[in-house]
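*Asks:* Have a peek at run_6.cif (mmCIF, C-alpha atoms and all ligand atoms).
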```cif
data_start
loop_
_atom_site.label_atom_id
_atom_site.label_comp_id
_atom_site.auth_asym_id
_atom_site.auth_seq_id
_atom_site.Cartn_x
_atom_site.Cartn_y
_atom_site.Cartn_z
CA MET O 1 -10.17 -69.78 -100.45
CA LYS O 2 -10.04 -67.19 -97.67
CA ILE O 3 -6.99 -65.17 -96.65
CA LEU O 4 -6.38 -62.96 -93.62
CA ILE O 5 -3.94 -60.07 -94.03
CA VAL O 6 -2.53 -58.48 -90.86
CA GLU O 7 -0.67 -55.36 -91.98
CA ASP O 8 -0.52 -51.92 -90.35
CA GLU O 9 0.81 -50.02 -93.36
CA VAL O 10 -2.35 -48.80 -95.06
CA LYS O 11 -0.92 -48.69 -98.58
CA THR O 12 0.64 -52.15 -98.42
CA GLY O 13 -2.50 -53.62 -96.89
CA GLU O 14 -4.81 -52.17 -99.52
CA TYR O 15 -2.45 -53.17 -102.31
CA LEU O 16 -2.44 -56.77 -101.08
CA ARG O 17 -6.18 -56.84 -100.50
CA GLN O 18 -6.93 -55.58 -103.97
CA GLY O 19 -4.43 -57.84 -105.73
CA LEU O 20 -5.50 -60.99 -103.91
CA SER O 21 -9.20 -60.21 -104.39
CA GLU O 22 -8.62 -59.80 -108.12
CA ALA O 23 -6.80 -63.15 -108.09
CA GLY O 24 -10.02 -64.75 -106.80
CA PHE O 25 -9.40 -64.96 -103.04
CA VAL O 26 -11.75 -63.75 -100.32
CA VAL O 27 -9.70 -61.35 -98.21
CA ASP O 28 -10.03 -59.95 -94.69
CA LEU O 29 -7.66 -57.09 -93.84
CA VAL O 30 -6.89 -55.91 -90.30
CA ASN O 31 -4.29 -53.35 -89.26
CA ASN O 32 -3.19 -54.32 -85.76
CA GLY O 33 -1.93 -57.37 -83.93
CA LEU O 34 -4.84 -57.90 -81.55
CA ASP O 35 -7.46 -57.84 -84.31
CA GLY O 36 -5.26 -60.15 -86.36
CA TYR O 37 -4.99 -62.61 -83.49
CA HIS O 38 -8.74 -62.57 -82.79
CA HIS O 39 -9.67 -63.06 -86.46
CA ALA O 40 -7.22 -65.92 -86.87
CA MET O 41 -8.51 -67.60 -83.70
CA THR O 42 -12.20 -67.33 -84.49
CA GLU O 43 -12.60 -67.61 -88.27
CA HIS O 44 -11.47 -70.12 -90.84
CA TYR O 45 -8.66 -69.02 -93.13
CA ASP O 46 -6.71 -70.99 -95.71
CA LEU O 47 -3.75 -68.66 -95.22
CA VAL O 48 -2.66 -65.83 -92.91
CA ILE O 49 -0.31 -63.16 -94.25
CA LEU O 50 1.35 -61.65 -91.21
CA ASP O 51 3.47 -58.52 -90.91
CA VAL O 52 6.09 -58.77 -88.14
CA MET O 53 6.14 -55.22 -86.77
CA LEU O 54 2.56 -54.46 -85.71
CA PRO O 55 0.81 -52.30 -83.09
CA ASP O 56 -0.47 -54.13 -79.96
CA LEU O 57 0.96 -57.57 -80.68
CA ASP O 58 3.80 -58.37 -83.08
CA GLY O 59 3.65 -61.05 -85.77
CA TRP O 60 5.88 -63.42 -83.83
CA HIS O 61 3.62 -63.35 -80.80
CA ILE O 62 0.57 -63.92 -82.96
CA LEU O 63 2.13 -66.91 -84.68
CA LYS O 64 3.38 -68.37 -81.40
CA SER O 65 -0.07 -68.03 -79.81
CA LEU O 66 -1.81 -69.56 -82.84
CA ARG O 67 0.47 -72.59 -82.87
CA GLU O 68 0.08 -73.03 -79.10
CA ALA O 69 -3.68 -73.06 -79.64
CA ASP O 70 -3.21 -75.80 -82.29
CA LYS O 71 -4.16 -73.50 -85.14
CA THR O 72 -2.34 -75.07 -88.06
CA MET O 73 -3.30 -72.82 -90.95
CA PRO O 74 -0.36 -71.78 -93.15
CA VAL O 75 1.29 -68.47 -92.26
CA LEU O 76 3.34 -66.28 -94.60
CA PHE O 77 5.46 -63.64 -92.89
CA LEU O 78 5.95 -60.21 -94.44
CA THR O 79 8.66 -58.07 -93.04
CA ALA O 80 10.99 -55.20 -93.72
CA ARG O 81 13.71 -56.96 -91.78
CA ASP O 82 15.97 -59.23 -93.72
CA SER O 83 18.52 -60.56 -91.27
CA ILE O 84 19.12 -64.30 -91.20
CA GLU O 85 18.22 -64.47 -87.49
CA ASP O 86 14.78 -63.03 -88.11
CA LYS O 87 14.04 -65.52 -90.88
CA VAL O 88 15.18 -68.40 -88.70
CA LYS O 89 13.07 -67.16 -85.80
CA GLY O 90 9.97 -66.94 -87.98
CA LEU O 91 10.44 -70.39 -89.43
CA GLU O 92 11.20 -71.91 -86.02
CA LEU O 93 7.97 -70.51 -84.69
CA GLY O 94 6.13 -72.34 -87.45
CA ALA O 95 5.82 -69.89 -90.35
CA ASP O 96 5.44 -71.57 -93.74
CA ASP O 97 7.25 -68.95 -95.76
CA TYR O 98 8.88 -65.56 -95.54
CA LEU O 99 8.84 -62.55 -97.84
CA VAL O 100 11.00 -59.47 -97.36
CA LYS O 101 9.59 -56.04 -98.22
CA PRO O 102 9.59 -54.54 -100.74
CA PHE O 103 8.39 -57.40 -102.93
CA ALA O 104 6.70 -57.74 -106.30
CA PHE O 105 3.04 -58.76 -106.12
CA SER O 106 3.65 -61.54 -108.67
CA GLU O 107 6.20 -63.06 -106.29
CA LEU O 108 3.77 -62.90 -103.37
CA LEU O 109 0.99 -64.47 -105.43
CA ALA O 110 3.26 -67.33 -106.53
CA ARG O 111 4.22 -68.01 -102.88
CA VAL O 112 0.58 -67.83 -101.76
CA ARG O 113 -0.48 -70.37 -104.39
CA THR O 114 2.39 -72.71 -103.51
CA ILE O 115 1.62 -72.58 -99.78
CA ILE O 116 -2.08 -73.21 -100.31
CA ARG O 117 -1.36 -76.11 -102.65
CA ARG O 118 1.11 -77.60 -100.18
CA GLY O 119 -1.46 -77.14 -97.40
CA THR O 120 -3.77 -79.71 -98.94
CA LYS O 121 -2.56 -83.22 -98.22
CA THR O 122 -2.79 -85.23 -101.42
CA PRO O 123 -3.39 -84.22 -105.04
CA ARG O 124 -6.67 -86.12 -104.96
CA ASP O 125 -7.93 -83.85 -102.15
CA ASN O 126 -7.76 -81.03 -104.65
CA VAL O 127 -10.55 -82.51 -106.74
CA LEU O 128 -14.03 -82.19 -105.25
CA SER O 129 -16.86 -84.04 -106.95
CA ILE O 130 -20.55 -84.83 -106.90
CA ALA O 131 -22.27 -87.07 -109.47
CA ASP O 132 -20.60 -86.29 -112.81
CA LEU O 133 -19.41 -82.83 -111.73
CA GLU O 134 -15.75 -82.29 -110.80
CA LEU O 135 -14.08 -79.21 -109.39
CA ASP O 136 -10.28 -79.20 -109.60
CA LEU O 137 -8.88 -76.70 -107.10
CA THR O 138 -5.30 -76.94 -108.34
CA ARG O 139 -6.05 -76.34 -112.00
CA HIS O 140 -9.04 -74.11 -111.21
CA ARG O 141 -11.17 -76.19 -113.55
CA VAL O 142 -14.75 -77.41 -113.58
CA ILE O 143 -15.88 -80.42 -115.59
CA ARG O 144 -19.35 -81.92 -115.95
CA ALA O 145 -19.88 -85.13 -117.93
CA GLN O 146 -16.43 -84.68 -119.47
CA GLN O 147 -17.27 -81.18 -120.65
CA ARG O 148 -15.20 -78.25 -119.50
CA ILE O 149 -17.29 -75.45 -117.93
CA ASN O 150 -15.95 -71.91 -117.67
CA LEU O 151 -16.82 -70.09 -114.46
CA THR O 152 -15.94 -66.63 -113.20
CA ALA O 153 -13.82 -66.38 -110.04
CA LYS O 154 -16.92 -65.76 -107.89
CA GLU O 155 -18.88 -68.58 -109.49
CA PHE O 156 -15.95 -70.89 -108.83
CA LEU O 157 -15.84 -69.85 -105.14
CA LEU O 158 -19.58 -70.32 -104.85
CA LEU O 159 -19.45 -73.79 -106.38
CA GLU O 160 -16.46 -74.70 -104.20
CA LEU O 161 -18.43 -73.73 -101.10
CA LEU O 162 -21.53 -75.67 -102.20
CA ILE O 163 -19.60 -78.79 -103.19
CA SER O 164 -17.55 -78.73 -99.96
CA HIS O 165 -20.87 -78.95 -98.11
CA LYS O 166 -22.82 -81.15 -100.51
CA GLY O 167 -26.06 -82.43 -99.02
CA GLU O 168 -26.19 -79.53 -96.53
CA VAL O 169 -28.46 -76.50 -96.80
CA LEU O 170 -26.33 -73.36 -96.89
CA PRO O 171 -28.11 -70.23 -95.65
CA ARG O 172 -27.72 -67.10 -97.78
CA SER O 173 -25.99 -65.36 -94.85
CA LEU O 174 -23.25 -68.01 -94.82
CA ILE O 175 -22.82 -67.85 -98.60
CA ALA O 176 -22.60 -64.05 -98.39
CA SER O 177 -19.90 -64.09 -95.74
CA GLN O 178 -17.83 -66.85 -97.35
CA VAL O 179 -18.01 -65.86 -101.01
CA TRP O 180 -18.64 -62.11 -100.98
CA ASP O 181 -17.09 -61.31 -97.61
CA MET O 182 -20.12 -59.22 -96.72
CA ASN O 183 -22.87 -59.26 -94.18
CA PHE O 184 -26.10 -60.52 -95.60
CA ASP O 185 -28.49 -57.78 -96.53
CA SER O 186 -31.93 -59.04 -97.48
CA ASP O 187 -32.36 -56.17 -99.93
CA THR O 188 -29.67 -57.52 -102.20
CA ASN O 189 -30.29 -60.36 -104.58
CA VAL O 190 -26.64 -60.79 -105.49
CA ILE O 191 -26.61 -64.40 -104.24
CA ASP O 192 -29.77 -65.40 -106.10
CA VAL O 193 -28.44 -63.84 -109.30
CA ALA O 194 -25.13 -65.65 -108.92
CA ILE O 195 -26.91 -68.96 -108.24
CA ARG O 196 -29.03 -68.46 -111.36
CA ARG O 197 -25.90 -67.89 -113.47
CA LEU O 198 -24.18 -70.89 -111.93
CA ARG O 199 -27.24 -73.04 -112.59
CA SER O 200 -27.35 -71.98 -116.22
CA LYS O 201 -23.77 -73.18 -116.57
CA ILE O 202 -23.74 -76.43 -114.61
CA ASP O 203 -27.38 -77.59 -114.55
CA ASP O 204 -29.38 -76.29 -117.50
CA ASP O 205 -27.99 -78.72 -120.05
CA PHE O 206 -28.29 -81.74 -117.79
CA GLU O 207 -31.22 -83.80 -116.65
CA ASN O 208 -29.90 -84.47 -113.17
CA LYS O 209 -30.09 -81.07 -111.44
CA LEU O 210 -27.54 -80.54 -108.68
CA ILE O 211 -28.34 -77.09 -107.29
CA HIS O 212 -31.50 -77.01 -105.19
CA THR O 213 -33.34 -74.05 -103.69
CA VAL O 214 -34.56 -74.72 -100.17
CA ARG O 215 -37.35 -72.21 -99.80
CA GLY O 216 -36.91 -69.73 -96.97
CA MET O 217 -33.53 -71.23 -96.07
CA GLY O 218 -30.93 -71.18 -98.79
CA TYR O 219 -29.28 -73.43 -101.32
CA MET O 220 -27.97 -76.96 -101.41
CA LEU O 221 -25.92 -79.04 -103.78
CA ASP O 222 -27.19 -82.61 -103.92
CA THR O 223 -27.81 -85.41 -106.40
CA ALA O 224 -31.33 -86.24 -105.29
CA ASP O 225 -34.18 -84.27 -106.84
CA LYS O 226 -35.96 -83.84 -103.51
CA ILE O 227 -37.09 -80.28 -103.74
CA CA E 1 4.44 -53.09 -89.91
#
```
Could you quickly redo this structure as structure tokens?
*Replies:*
Amino acid sequence: MKILIVEDEVKTGEYLRQGLSEAGFVVDLVNNGLDGYHHAMTEHYDLVILDVMLPDLDGWHILKSLREADKTMPVLFLTARDSIEDKVKGLELGADDYLVKPFAFSELLARVRTIIRRGTKTPRDNVLSIADLELDLTRHRVIRAQQRINLTAKEFLLLELLISHKGEVLPRSLIASQVWDMNFDSDTNVIDVAIRRLRSKIDDDFENKLIHTVRGMGYMLDTADKI
């Protein structure tokens, strides 16, 4: 799950980025309205956290422009203002929720989880599966052949990405940007190490291997033992 934070106050932005990263989200942080608008228009996010008062372009203008461009991702407004009119304006423009500063991080996290859950249409959509492997996004649970498998937050994100694109080869560069939020650097073997760990948890004890290495290209989750 990937979140964009548009916040010009450095301390607040870093605090949110750190907290949400620790909670298992991939986070992009930008500190002005124009960058926020461009990121939201060009990349995929499961949620945008938008400050109202921003340099260049305020949160209302960003939201209005996104909705006019048919961008339907959920938006949570953060603002120091707390008048009724401002809340109504935000919601009328298509915000999904509203949080007034200062707020407790636990409150923000609860709202974020609720919005993301609501954003997916039916409960069944929250369970992704391939063969006898199931990934439950709501309960954050992985089950293979009725056995519960414990994954770290990164392993879960990695498996979620693979299973969302089952049968497709995912290049390392794409995995790096989606799961680690970094540009791919061929000197690092962080992806290969993570894949090895994930394999040991979901494939090693089973005959039907699901994670396949596509030499020179990347990785793929599939039922067929083609490789
Ligand atoms: Ca601000």
*Asks:* Where does region 18-73 of chain O meet region 129-153 of chain O within 9 Å, residue by residue, with the nearest atom pair and distance in Å to one decimal for each, counting all atoms listed in the file, listed by chain and rising number, as CSV?
*Replies:*
```
residue,atom,partner,partner_atom,distance
O:Glu22,CA,O:Ala153,CA,8.6
O:Ala23,CA,O:Ala153,CA,8.0
O:Gly24,CA,O:Ala153,CA,5.3
O:Phe25,CA,O:Ala153,CA,8.4
```
*Asks:* Set the cut-off to 12 Å, count all atoms listed in the file, and list whatever residues fall near ligand CA 1 (chain E) as a PDB file with C-alpha atoms, in the coordinates of the input.
*Replies:*
```pdb
ATOM      1  CA  ILE O   5      -3.940 -60.070 -94.030  1.00  0.00           C
ATOM      2  CA  VAL O   6      -2.530 -58.480 -90.860  1.00  0.00           C
ATOM      3  CA  GLU O   7      -0.670 -55.360 -91.980  1.00  0.00           C
ATOM      4  CA  ASP O   8      -0.520 -51.920 -90.350  1.00  0.00           C
ATOM      5  CA  GLU O   9       0.810 -50.020 -93.360  1.00  0.00           C
ATOM      6  CA  VAL O  10      -2.350 -48.800 -95.060  1.00  0.00           C
ATOM      7  CA  LYS O  11      -0.920 -48.690 -98.580  1.00  0.00           C
ATOM      8  CA  THR O  12       0.640 -52.150 -98.420  1.00  0.00           C
ATOM      9  CA  GLY O  13      -2.500 -53.620 -96.890  1.00  0.00           C
ATOM     10  CA  VAL O  30      -6.890 -55.910 -90.300  1.00  0.00           C
ATOM     11  CA  ASN O  31      -4.290 -53.350 -89.260  1.00  0.00           C
ATOM     12  CA  ASN O  32      -3.190 -54.320 -85.760  1.00  0.00           C
ATOM     13  CA  GLY O  33      -1.930 -57.370 -83.930  1.00  0.00           C
ATOM     14  CA  ILE O  49      -0.310 -63.160 -94.250  1.00  0.00           C
ATOM     15  CA  LEU O  50       1.350 -61.650 -91.210  1.00  0.00           C
ATOM     16  CA  ASP O  51       3.470 -58.520 -90.910  1.00  0.00           C
ATOM     17  CA  VAL O  52       6.090 -58.770 -88.140  1.00  0.00           C
ATOM     18  CA  MET O  53       6.140 -55.220 -86.770  1.00  0.00           C
ATOM     19  CA  LEU O  54       2.560 -54.460 -85.710  1.00  0.00           C
ATOM     20  CA  PRO O  55       0.810 -52.300 -83.090  1.00  0.00           C
ATOM     21  CA  ASP O  56      -0.470 -54.130 -79.960  1.00  0.00           C
ATOM     22  CA  LEU O  57       0.960 -57.570 -80.680  1.00  0.00           C
ATOM     23  CA  ASP O  58       3.800 -58.370 -83.080  1.00  0.00           C
ATOM     24  CA  GLY O  59       3.650 -61.050 -85.770  1.00  0.00           C
ATOM     25  CA  PHE O  77       5.460 -63.640 -92.890  1.00  0.00           C
ATOM     26  CA  LEU O  78       5.950 -60.210 -94.440  1.00  0.00           C
ATOM     27  CA  THR O  79       8.660 -58.070 -93.040  1.00  0.00           C
ATOM     28  CA  ALA O  80      10.990 -55.200 -93.720  1.00  0.00           C
ATOM     29  CA  ARG O  81      13.710 -56.960 -91.780  1.00  0.00           C
ATOM     30  CA  VAL O 100      11.000 -59.470 -97.360  1.00  0.00           C
ATOM     31  CA  LYS O 101       9.590 -56.040 -98.220  1.00  0.00           C
TER      32      LYS O 101
END
```
*Asks:* Let me have the centre and edge lengths in Å, one decimal, of the box along x, y and z around every listed atom of region 1-17 of chain O with 4 Å of margin on each side, as JSON.
*Replies:*
```
{"center_x": -4.7, "center_y": -59.2, "center_z": -96.3, "size_x": 19.0, "size_y": 29.1, "size_z": 20.0}
```
*Asks:* Mind giving me the straight-line distance from CA of His212 (chain O) to CA of Arg199 (chain O) in Å, one decimal?
*Replies:*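 So the answer is 9.4 Å.
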*Asks:* In Å, how far is it from CA of Pro102 (chain O) to CA of His61 (chain O)?
*Replies:*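 Pair CA of Pro102 (chain O) / CA of His61 (chain O) returns 22.6 Å.
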